[in-house]
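This is start.tsv (TSV, C-alpha atoms).
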chain	number	residue	atom	x	y	z
A	18	MET	CA	16.63	18.43	-58.49
A	19	LYS	CA	19.17	20.94	-57.12
A	20	ARG	CA	16.40	22.58	-55.12
A	21	ILE	CA	15.35	19.20	-53.70
A	22	ILE	CA	18.94	18.33	-52.78
A	23	SER	CA	19.40	21.77	-51.23
A	24	ALA	CA	16.20	21.37	-49.22
A	25	ILE	CA	17.30	17.93	-48.02
A	26	LEU	CA	20.68	19.31	-46.95
A	27	THR	CA	18.99	22.20	-45.13
A	28	ILE	CA	16.65	19.82	-43.28
A	29	ALA	CA	19.58	17.58	-42.41
A	30	LEU	CA	21.57	20.50	-41.04
A	31	LEU	CA	18.61	21.77	-39.03
A	32	SER	CA	17.90	18.28	-37.70
A	33	GLY	CA	21.51	17.97	-36.65
A	34	LEU	CA	21.33	21.33	-34.91
A	35	VAL	CA	18.13	20.34	-33.07
A	36	LEU	CA	19.62	17.02	-31.98
A	37	SER	CA	22.74	18.84	-30.86
A	38	LEU	CA	20.71	21.28	-28.78
A	39	ILE	CA	18.69	18.44	-27.26
A	40	ALA	CA	21.91	16.64	-26.38
A	41	CYS	CA	23.33	19.80	-24.80
A	42	ASN	CA	20.17	20.37	-22.76
A	43	LYS	CA	19.76	16.77	-21.63
A	44	THR	CA	19.86	16.49	-17.85
A	45	PRO	CA	22.78	14.36	-16.68
A	46	ARG	CA	21.67	11.11	-15.00
A	47	GLU	CA	23.43	12.06	-11.78
A	48	GLU	CA	21.03	15.02	-11.53
A	49	ILE	CA	17.91	12.84	-11.77
A	50	LEU	CA	16.23	10.87	-8.99
A	51	LYS	CA	14.01	8.12	-10.40
A	52	LEU	CA	11.14	6.74	-8.29
A	53	TYR	CA	9.10	3.61	-9.02
A	54	MET	CA	5.99	3.28	-6.88
A	55	PRO	CA	2.20	2.80	-6.88
A	56	GLY	CA	0.10	5.47	-8.54
A	57	GLU	CA	-1.56	8.24	-6.49
A	58	TYR	CA	0.54	7.33	-3.47
A	59	ILE	CA	2.69	10.42	-3.04
A	60	ASP	CA	1.98	14.14	-3.20
A	61	GLU	CA	3.96	15.19	-6.28
A	62	GLU	CA	3.98	18.79	-5.04
A	63	ILE	CA	6.71	17.77	-2.59
A	64	PHE	CA	9.07	17.02	-5.48
A	65	GLY	CA	9.79	20.69	-6.07
A	66	GLU	CA	10.27	21.20	-2.33
A	67	PHE	CA	12.76	18.34	-2.25
A	68	GLU	CA	14.68	19.67	-5.24
A	69	SER	CA	15.12	23.05	-3.52
A	70	TRP	CA	15.92	21.39	-0.17
A	71	TYR	CA	18.50	19.13	-1.80
A	72	GLU	CA	20.29	21.99	-3.54
A	73	GLU	CA	20.25	24.06	-0.36
A	74	ASN	CA	21.61	21.24	1.82
A	75	TYR	CA	23.87	19.40	-0.60
A	76	GLY	CA	24.79	22.07	-3.12
A	77	LYS	CA	23.65	19.88	-6.02
A	78	LYS	CA	20.79	20.03	-8.49
A	79	VAL	CA	18.34	17.15	-8.82
A	80	THR	CA	15.08	16.54	-10.66
A	81	VAL	CA	12.60	13.95	-9.43
A	82	GLN	CA	11.05	11.64	-12.01
A	83	LEU	CA	8.17	9.35	-11.06
A	84	GLU	CA	7.03	6.18	-12.78
A	85	THR	CA	4.13	4.17	-11.37
A	86	PHE	CA	3.17	0.50	-11.36
A	87	ASP	CA	-0.10	-1.38	-10.94
A	88	ALA	CA	1.10	-4.42	-8.98
A	89	VAL	CA	3.93	-4.87	-6.49
A	90	GLU	CA	5.18	-7.83	-8.52
A	91	ASP	CA	6.06	-5.35	-11.29
A	92	ILE	CA	9.05	-4.37	-9.15
A	93	GLN	CA	10.46	-7.89	-9.30
A	94	LEU	CA	10.12	-7.95	-13.08
A	95	ALA	CA	11.73	-4.53	-13.41
A	96	VAL	CA	14.63	-4.93	-11.02
A	97	GLU	CA	15.44	-8.62	-11.10
A	98	GLY	CA	14.36	-9.23	-14.66
A	99	SER	CA	15.56	-6.07	-16.39
A	100	GLN	CA	17.95	-4.33	-13.97
A	101	ALA	CA	15.73	-1.30	-14.57
A	102	ASP	CA	17.09	2.20	-14.12
A	103	TYR	CA	15.35	3.25	-10.89
A	104	ASP	CA	16.85	4.70	-7.73
A	105	LEU	CA	14.01	4.30	-5.21
A	106	LEU	CA	11.38	1.58	-5.15
A	107	CYS	CA	8.24	1.42	-3.01
A	108	PRO	CA	7.30	-2.25	-2.50
A	109	SER	CA	5.21	-3.93	0.17
A	110	ASP	CA	6.68	-5.94	3.02
A	111	TYR	CA	6.88	-9.38	1.38
A	112	MET	CA	8.51	-7.95	-1.74
A	113	VAL	CA	11.10	-6.15	0.37
A	114	GLU	CA	11.92	-9.50	1.97
A	115	TYR	CA	12.32	-11.08	-1.47
A	116	LEU	CA	14.54	-8.29	-2.80
A	117	ILE	CA	16.78	-8.55	0.27
A	118	LYS	CA	17.11	-12.31	-0.22
A	119	GLN	CA	18.07	-11.78	-3.86
A	120	ASN	CA	20.67	-9.13	-2.95
A	121	LEU	CA	18.89	-6.52	-5.04
A	122	LEU	CA	18.94	-3.64	-2.54
A	123	LEU	CA	21.43	-1.17	-1.13
A	124	GLU	CA	21.38	-0.05	2.49
A	125	SER	CA	19.18	2.96	3.18
A	126	GLY	CA	21.74	4.76	5.33
A	127	MET	CA	19.05	5.52	7.94
A	128	ASP	CA	18.57	4.37	11.53
A	129	ILE	CA	14.84	3.67	11.77
A	130	SER	CA	14.99	2.24	15.29
A	131	GLY	CA	15.96	5.43	17.13
A	132	GLY	CA	12.50	6.85	17.78
A	133	LEU	CA	11.83	8.34	14.35
A	134	PHE	CA	9.08	5.77	13.75
A	135	LYS	CA	6.37	4.29	15.98
A	136	ASP	CA	7.77	1.28	17.83
A	137	GLN	CA	5.00	-1.06	16.70
A	138	TYR	CA	5.81	-0.42	13.05
A	139	VAL	CA	9.53	-0.81	13.59
A	140	ALA	CA	8.68	-4.23	15.07
A	141	THR	CA	6.57	-5.02	12.00
A	142	THR	CA	9.41	-3.95	9.71
A	143	ARG	CA	11.71	-6.45	11.42
A	144	GLU	CA	9.47	-9.23	10.11
A	145	PHE	CA	10.68	-8.59	6.56
A	146	ASP	CA	13.90	-6.61	7.14
A	147	PRO	CA	15.43	-8.15	10.29
A	148	SER	CA	18.53	-5.93	10.19
A	149	LEU	CA	16.50	-2.75	9.59
A	150	LYS	CA	19.18	-1.70	7.10
A	151	TYR	CA	17.17	-1.57	3.89
A	152	ALA	CA	13.52	-0.58	4.34
A	153	VAL	CA	12.29	2.88	5.34
A	154	PRO	CA	8.58	2.56	6.28
A	155	TYR	CA	6.34	4.85	4.24
A	156	MET	CA	2.70	3.93	4.96
A	157	TYR	CA	0.95	1.20	6.92
A	158	GLY	CA	-2.52	-0.27	7.05
A	159	THR	CA	-4.56	-3.38	7.71
A	160	LEU	CA	-6.62	-5.79	5.65
A	161	GLY	CA	-10.17	-6.36	6.84
A	162	LEU	CA	-13.82	-5.89	5.94
A	163	VAL	CA	-15.79	-2.77	5.09
A	164	TYR	CA	-19.56	-2.99	5.21
A	165	ASP	CA	-22.55	-0.72	4.69
A	166	TYR	CA	-24.49	-0.75	7.95
A	167	SER	CA	-27.59	0.62	6.24
A	168	LYS	CA	-27.69	-2.66	4.31
A	169	THR	CA	-26.38	-5.17	6.85
A	170	GLN	CA	-28.22	-3.73	9.87
A	171	GLU	CA	-25.65	-5.54	11.99
A	172	LYS	CA	-22.09	-4.95	13.18
A	173	ILE	CA	-19.74	-7.34	11.43
A	174	THR	CA	-17.17	-9.02	13.68
A	175	SER	CA	-16.16	-12.28	12.00
A	176	TRP	CA	-14.88	-13.59	8.67
A	177	GLU	CA	-17.92	-15.89	8.73
A	178	SER	CA	-20.06	-12.93	7.68
A	179	PHE	CA	-17.93	-12.60	4.56
A	180	PHE	CA	-17.33	-16.23	3.60
A	181	GLY	CA	-20.73	-17.55	4.68
A	182	SER	CA	-23.78	-17.56	2.45
A	183	LYS	CA	-25.61	-14.61	4.01
A	184	TYR	CA	-24.18	-12.02	1.59
A	185	ASN	CA	-24.11	-14.09	-1.58
A	186	ASN	CA	-24.48	-11.78	-4.59
A	187	ASN	CA	-23.91	-8.85	-2.24
A	188	ARG	CA	-20.18	-9.21	-1.59
A	189	SER	CA	-16.94	-7.98	-3.17
A	190	VAL	CA	-13.68	-9.94	-3.06
A	191	LYS	CA	-10.44	-8.09	-3.68
A	192	ASP	CA	-9.10	-9.32	-7.01
A	193	SER	CA	-5.62	-9.65	-5.54
A	194	ILE	CA	-3.95	-13.02	-5.14
A	195	ARG	CA	-2.26	-12.38	-1.81
A	196	ASP	CA	-5.15	-10.55	-0.15
A	197	ALA	CA	-7.78	-13.08	-1.18
A	198	TYR	CA	-5.53	-15.99	-0.25
A	199	ALA	CA	-4.67	-14.49	3.14
A	200	ALA	CA	-8.32	-13.83	3.98
A	201	ALA	CA	-9.31	-17.38	3.05
A	202	CYS	CA	-6.46	-18.86	5.10
A	203	ILE	CA	-7.34	-16.79	8.18
A	204	TYR	CA	-10.98	-17.85	7.87
A	205	ASN	CA	-10.02	-21.51	7.56
A	206	ALA	CA	-7.71	-21.32	10.59
A	207	GLY	CA	-10.13	-19.19	12.59
A	208	SER	CA	-11.01	-21.69	15.31
A	209	THR	CA	-7.36	-22.50	15.96
A	210	ILE	CA	-6.42	-18.82	16.15
A	211	LYS	CA	-9.30	-17.93	18.46
A	212	SER	CA	-8.38	-20.73	20.86
A	213	LYS	CA	-5.12	-18.96	21.70
A	214	SER	CA	-4.31	-15.68	23.40
A	215	GLY	CA	-1.46	-13.24	23.84
A	216	ALA	CA	1.85	-14.11	22.20
A	217	GLU	CA	0.57	-17.54	21.20
A	218	ARG	CA	-2.26	-15.97	19.23
A	219	LYS	CA	0.13	-13.57	17.52
A	220	ALA	CA	2.35	-16.53	16.57
A	221	ALA	CA	-0.65	-18.50	15.31
A	222	ILE	CA	-1.82	-15.71	13.02
A	223	GLN	CA	1.71	-15.15	11.73
A	224	ALA	CA	2.01	-18.87	10.99
A	225	VAL	CA	-0.96	-18.52	8.64
A	226	PHE	CA	0.98	-16.03	6.52
A	227	MET	CA	3.94	-18.40	6.26
A	228	ASP	CA	2.01	-21.53	5.30
A	229	THR	CA	1.91	-22.52	1.63
A	230	SER	CA	1.63	-26.27	2.17
A	231	VAL	CA	-0.40	-28.30	-0.30
A	232	ALA	CA	-3.18	-28.85	2.24
A	233	THR	CA	-3.44	-25.15	3.15
A	234	VAL	CA	-3.42	-23.98	-0.47
A	235	ASN	CA	-6.07	-26.53	-1.44
A	236	SER	CA	-8.22	-25.51	1.50
A	237	ALA	CA	-7.96	-21.83	0.51
A	238	LYS	CA	-8.81	-22.76	-3.07
A	239	SER	CA	-11.99	-24.53	-1.93
A	240	THR	CA	-13.01	-21.57	0.23
A	241	LEU	CA	-12.51	-19.05	-2.57
A	242	LEU	CA	-14.28	-21.26	-5.13
A	243	SER	CA	-17.23	-21.52	-2.76
A	244	ILE	CA	-17.85	-17.76	-3.04
A	245	LYS	CA	-16.69	-17.22	-6.61
A	246	ASP	CA	-20.12	-17.10	-8.24
A	247	GLY	CA	-21.73	-15.11	-5.44
A	248	SER	CA	-19.19	-12.28	-5.47
A	249	VAL	CA	-17.92	-9.35	-7.48
A	250	TRP	CA	-14.13	-9.46	-7.89
A	251	ASP	CA	-12.68	-5.98	-7.85
A	252	VAL	CA	-9.67	-3.93	-6.68
A	253	ASP	CA	-10.43	-0.20	-6.66
A	254	ASN	CA	-13.90	0.50	-8.07
A	255	VAL	CA	-15.80	-1.02	-5.18
A	256	LYS	CA	-14.76	1.66	-2.70
A	257	TYR	CA	-16.28	4.37	-4.89
A	258	GLU	CA	-19.40	2.29	-5.54
A	259	MET	CA	-19.96	1.76	-1.82
A	260	ALA	CA	-19.13	5.37	-0.98
A	261	SER	CA	-21.65	6.76	-3.45
A	262	LYS	CA	-24.28	4.11	-2.65
A	263	GLN	CA	-24.59	2.94	-6.24
A	264	ASP	CA	-27.36	0.43	-6.91
A	265	ASN	CA	-24.85	-2.33	-7.64
A	266	ALA	CA	-22.68	-1.60	-4.60
A	267	PRO	CA	-22.14	-4.64	-2.36
A	268	ALA	CA	-23.06	-4.73	1.31
A	269	ILE	CA	-19.65	-6.07	2.35
A	270	ALA	CA	-16.19	-6.07	0.82
A	271	LEU	CA	-12.64	-7.23	1.45
A	272	MET	CA	-10.69	-3.99	1.61
A	273	TRP	CA	-7.55	-2.27	2.84
A	274	SER	CA	-8.05	0.13	5.73
A	275	CYS	CA	-6.59	3.02	3.73
A	276	ASP	CA	-9.28	2.63	1.04
A	277	ALA	CA	-12.01	2.25	3.65
A	278	GLY	CA	-10.86	5.31	5.57
A	279	TYR	CA	-10.47	7.28	2.36
A	280	VAL	CA	-14.15	6.98	1.38
A	281	MET	CA	-15.54	7.12	4.92
A	282	ASN	CA	-13.93	10.54	5.15
A	283	ASP	CA	-14.67	13.28	2.62
A	284	TYR	CA	-12.82	12.25	-0.52
A	285	GLU	CA	-12.03	12.98	-4.15
A	286	ASP	CA	-13.50	10.56	-6.69
A	287	GLU	CA	-11.91	9.18	-9.85
A	288	ASP	CA	-12.93	12.28	-11.82
A	289	GLY	CA	-11.46	14.67	-9.26
A	290	ASN	CA	-14.82	15.69	-7.80
A	291	ASP	CA	-15.07	16.44	-4.07
A	292	CYS	CA	-17.46	13.99	-2.41
A	293	LYS	CA	-19.01	13.63	1.02
A	294	GLY	CA	-17.74	10.61	2.92
A	295	ASN	CA	-20.20	7.78	3.49
A	296	ARG	CA	-20.83	7.59	7.23
A	297	ASP	CA	-22.83	4.35	6.83
A	298	LEU	CA	-19.60	2.50	6.03
A	299	TRP	CA	-17.86	0.65	8.85
A	300	TYR	CA	-14.52	-1.16	8.85
A	301	VAL	CA	-13.30	-4.01	11.02
A	302	VAL	CA	-10.36	-6.34	11.37
A	303	PRO	CA	-12.33	-9.52	12.17
A	304	GLU	CA	-11.92	-11.18	15.54
A	305	GLU	CA	-10.05	-14.14	14.03
A	306	GLY	CA	-7.32	-11.84	12.73
A	307	GLY	CA	-6.11	-9.88	9.74
A	308	ASN	CA	-3.05	-8.49	8.03
A	309	VAL	CA	-0.95	-5.45	8.92
A	310	TYR	CA	1.07	-4.24	5.96
A	311	ILE	CA	3.87	-1.76	5.53
A	312	ASP	CA	4.83	-0.19	2.23
A	313	ALA	CA	8.42	0.98	2.37
A	314	PHE	CA	10.97	2.81	0.29
A	315	VAL	CA	14.13	0.92	-0.62
A	316	ILE	CA	17.15	1.73	-2.78
A	317	SER	CA	17.66	-0.47	-5.83
A	318	LYS	CA	20.95	-2.27	-6.29
A	319	TYR	CA	21.04	-0.66	-9.74
A	320	ALA	CA	20.46	2.89	-8.50
A	321	LYS	CA	22.44	5.55	-10.34
A	322	ASN	CA	21.88	8.36	-7.83
A	323	VAL	CA	22.32	6.82	-4.39
A	324	ASP	CA	23.18	10.11	-2.67
A	325	ALA	CA	19.94	11.77	-3.78
A	326	ALA	CA	17.98	8.61	-2.93
A	327	ARG	CA	19.26	8.60	0.65
A	328	ALA	CA	18.59	12.33	0.94
A	329	PHE	CA	15.02	11.82	-0.31
A	330	LEU	CA	14.42	9.21	2.38
A	331	GLN	CA	15.47	11.71	5.04
A	332	PHE	CA	13.30	14.39	3.45
A	333	ILE	CA	10.06	12.39	3.37
A	334	CYS	CA	10.51	11.43	7.04
A	335	GLN	CA	10.21	15.06	8.11
A	336	THR	CA	6.95	15.57	9.96
A	337	GLU	CA	5.46	18.14	7.61
A	338	ILE	CA	6.22	16.08	4.51
A	339	ALA	CA	5.01	12.84	6.09
A	340	VAL	CA	1.72	14.52	7.00
A	341	LYS	CA	1.30	15.87	3.46
A	342	ASN	CA	1.82	12.42	1.95
A	343	SER	CA	-0.55	10.84	4.47
A	344	GLU	CA	-3.30	13.32	3.62
A	345	TYR	CA	-2.74	12.78	-0.10
A	346	ALA	CA	-2.61	8.97	0.00
A	347	GLY	CA	-5.41	8.49	2.50
A	348	ALA	CA	-3.12	6.36	4.68
A	349	ILE	CA	-1.18	7.13	7.84
A	350	SER	CA	2.58	7.50	8.06
A	351	PRO	CA	4.41	5.52	10.77
A	352	VAL	CA	6.72	8.51	11.30
A	353	ALA	CA	6.09	9.11	15.02
A	354	GLU	CA	5.54	12.87	15.01
A	355	ALA	CA	3.37	12.76	11.87
A	356	TYR	CA	1.35	9.88	13.34
A	357	ASP	CA	0.79	11.80	16.59
A	358	GLU	CA	-0.17	14.99	14.77
A	359	LEU	CA	-2.72	13.19	12.61
A	360	HIS	CA	-4.06	11.22	15.57
A	361	THR	CA	-4.64	14.46	17.48
A	362	TYR	CA	-6.28	16.02	14.45
A	363	TYR	CA	-8.89	13.27	14.27
A	364	THR	CA	-9.45	12.61	17.97
A	365	GLU	CA	-9.95	16.30	18.70
A	366	ASP	CA	-12.04	16.60	15.53
A	367	GLU	CA	-10.32	19.78	14.40
A	368	ASP	CA	-12.27	19.76	11.14
A	369	GLY	CA	-15.70	19.11	12.66
A	370	MET	CA	-16.03	15.72	10.99
A	371	PHE	CA	-17.91	13.90	13.76
A	372	THR	CA	-21.47	14.79	14.68
A	373	GLN	CA	-22.87	13.84	18.08
A	374	ALA	CA	-24.77	11.02	16.40
A	375	LEU	CA	-21.54	9.61	14.97
A	376	ILE	CA	-19.93	9.82	18.39
A	377	ASP	CA	-22.89	8.16	20.15
A	378	SER	CA	-23.08	5.33	17.61
A	379	GLY	CA	-19.38	4.51	18.01
A	380	TRP	CA	-18.61	5.51	14.42
A	381	LYS	CA	-15.95	8.01	15.48
A	382	ASP	CA	-14.13	5.40	17.56
A	383	MET	CA	-14.39	2.93	14.68
A	384	PHE	CA	-12.96	5.43	12.19
A	385	ILE	CA	-10.02	6.28	14.44
A	386	GLU	CA	-9.39	2.56	15.04
A	387	THR	CA	-9.40	2.05	11.26
A	388	MET	CA	-6.71	4.67	10.70
A	389	PHE	CA	-4.77	4.12	13.95
A	390	PRO	CA	-5.18	0.43	14.88
A	391	SER	CA	-4.79	-0.29	18.57
A	392	GLU	CA	-2.24	-2.64	20.07
A	393	GLU	CA	-5.04	-5.17	20.57
A	394	THR	CA	-5.86	-5.09	16.85
A	395	LEU	CA	-2.21	-5.31	15.78
A	396	CYS	CA	-1.74	-8.33	18.05
A	397	ARG	CA	-4.17	-10.25	15.89
A	398	CYS	CA	-2.58	-9.18	12.61
A	399	GLY	CA	0.13	-11.03	10.74
A	400	VAL	CA	2.66	-9.79	8.18
A	401	MET	CA	2.75	-11.14	4.64
A	402	LYS	CA	5.92	-13.07	3.84
A	403	ASP	CA	7.84	-14.07	0.75
A	404	PHE	CA	6.44	-17.49	-0.20
A	405	GLY	CA	9.65	-18.80	-1.75
A	406	ALA	CA	9.78	-20.28	-5.24
A	407	GLU	CA	7.82	-23.45	-4.46
A	408	GLY	CA	5.14	-21.74	-2.39
A	409	LYS	CA	4.75	-18.94	-4.92
A	410	THR	CA	4.22	-21.44	-7.72
A	411	ARG	CA	1.65	-23.36	-5.69
A	412	VAL	CA	-0.36	-20.26	-4.75
A	413	THR	CA	-0.17	-18.86	-8.30
A	414	GLU	CA	-1.48	-22.11	-9.76
A	415	MET	CA	-4.30	-22.06	-7.20
A	416	TRP	CA	-5.21	-18.53	-8.24
A	417	SER	CA	-5.19	-19.42	-11.93
A	418	ALA	CA	-7.64	-22.23	-11.25
A	419	ILE	CA	-10.03	-19.78	-9.58
A	420	GLN	CA	-9.96	-17.10	-12.26

Represent the structure contained in this file as structure tokens.
Amino acid sequence: MKRIISAILTIALLSGLVLSLIACNKTPREEILKLYMPGEYIDEEIFGEFESWYEENYGKKVTVQLETFDAVEDIQLAVEGSQADYDLLCPSDYMVEYLIKQNLLLESGMDISGGLFKDQYVATTREFDPSLKYAVPYMYGTLGLVYDYSKTQEKITSWESFFGSKYNNNRSVKDSIRDAYAAACIYNAGSTIKSKSGAERKAAIQAVFMDTSVATVNSAKSTLLSIKDGSVWDVDNVKYEMASKQDNAPAIALMWSCDAGYVMNDYEDEDGNDCKGNRDLWYVVPEEGGNVYIDAFVISKYAKNVDAARAFLQFICQTEIAVKNSEYAGAISPVAEAYDELHTYYTEDEDGMFTQALIDSGWKDMFIETMFPSEETLCRCGVMKDFGAEGKTRVTEMWSAIQ
């Protein structure tokens, strides 16, 4: 019994010593920068560069910690619901608007209107952050259609090709409430939108993204139900299926431009294998209109390390870092110098990506338009908005009825 007691005392003393050492070695919270953002959306190799840069410029140590989420709405649950311990968040436009309304953000401390970013994306940011005090644009893109020309044997130009019956059982709908709803609403309002031009057309397409009336929601519900049984509902897998020409790959899919561009170019698959891009894939923002989105970094109201958060925002807006993150994420940064550098890289074909056949067929121009949408394309793109409590409930109930 004495031996047992002695052993227990020894274990207790050792446990206390271990706990004491852990406590002594624990990094103070003020030396940690916590990020909450989508997975595979930032080159984690820059974290070490930032830590060195921060110590060199601010004389303080910091360690970056990353936690990822699957859906943008997870941010609302974390910050508003739980006052979660994050410094920097990376939501999409409409969620930024919501967080500002709920007074859940701190000012970024950056002037994004002074030429650091492309003017067109500063204008887009004003749609959800009118004061430009909170959001620092990180990546942009559009919502449209990707299609396999070897299967369609036609150039797709309209939402009718997607919502009509021609590609029943050969179509993929993004299993995302806002994207599917937006596409259905644009399709339903197509004739009205196309009847206008210039600023009036831009206003008409933006009105679609702000309409959650009973009639509009019911109309979108009917449109989505009409294609429910003839479609595959998917988020990420479809881009790899179409890229690798799997037997079950659809001919046409609702997709973000960043995903389309990622697999049209040479890419890395889910298992980390290097793959040849599929040059039969084409992307288009249909003539009726589409969505331009901006994912931005914001500082949480409950941030514990505001100084490091603001420094990180400055750091990722440096040209070299913005280019690295663009190449990693498969999207393009709206940081002006990074945008221009990447645009030159593709237009001058520095990597020998475009054969003469791809140039002659218009594929090169299409690819560049996918990654760097023209002013004409952006003029027929709206920005997603916060629906408000009543609108959000109505759209959510619609979506539940479809699932």

Among listed residues A:Lys172, A:Lys118, A:Arg195, A:Arg46, nearest Val89 of chain A (using only C-alpha atoms):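 Of the candidates, the smallest distance to Val89 of chain A is held by A:Arg195.
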
Sphere at (-3.2, 8.5, -5.2), radius 9 Å, counting all atoms listed in the file: residues as an NGL selection string: :A and (55-60 or 345-347)

I want to know what sits within 6 Å of segment 105-112 of chain A, based on all atoms listed in the file, with residues of the same chain fewer than 2 positions away left out; could you give that as a list in words? Leu52, Tyr53, Met54, Val89, Tyr103, Glu114, Tyr115, Phe145, Ile311, Asp312, Ala313, Phe314, Val315, Ile316, Met401, Lys402 and Asp403 of chain A

Which residue of A:Val412, A:Leu359, A:Ile269, A:Ile194 approaches Asn342 of chain A most closely, using all atoms listed in the file: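 Once distances to Asn342 of chain A are computed over all atoms listed in the file, the minimum belongs to A:Leu359.
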
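Counting all atoms listed in the file and comparing A:Ala201, A:Leu330, A:Val231, A:Ala374, the residue that lies closest to Glu124 of chain A is A:Leu330.
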
Kindly give the distance, in Å, that separates atom CA of Phe329 of chain A and atom CA of Phe67 of chain A, rounded to a single decimal.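 Value for the atom CA of Phe329 of chain A-atom CA of Phe67 of chain A distance: 7.2 Å.
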
In Å to one decimal, how far is atom CA of Ser378 of chain A from atom CA of Asn186 of chain A?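 Interatomic distance here is 28.1 Å.
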
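What separates atom CA of Ile63 of chain A from atom CA of Val340 of chain A is a distance of 11.3 Å.
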
Taking only C-alpha atoms into account, name the residue in A:Val323, A:Ile222, A:Val400, A:Leu149 that is nearest to Ile203 of chain A.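 Selected residue with least distance to Ile203 of chain A: A:Ile222.
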
What are the centre and the three edge lengths of an axis-aligned box that wraps all atoms of segment 49-57 of chain A in the file, given that 4 Å is added to every side, written as lines of an AutoDock Vina configuration file and rounded to one decimal in Å?
center_x = 8.2
center_y = 7.8
center_z = -9.1
size_x = 27.5
size_y = 18.0
size_z = 13.3

With only C-alpha atoms as the basis for distance, which of A:Met370, A:Leu50, A:Cys334, A:Cys396 is at the shortest distance from Tyr356 of chain A? A:Cys334

12 Å contact set for Ala140 of chain A, all atoms listed in the file, chain neighbours under 2 positions out, as a ChimeraX atom specification: /A:129-130,134-138,142-149,154,309-311,351,395-396,399-400

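Candidate residues A:Lys409, A:Lys51, A:Arg397, A:Lys183 were compared for distance to Ser230 of chain A, and the nearest is A:Lys409, using only C-alpha atoms.
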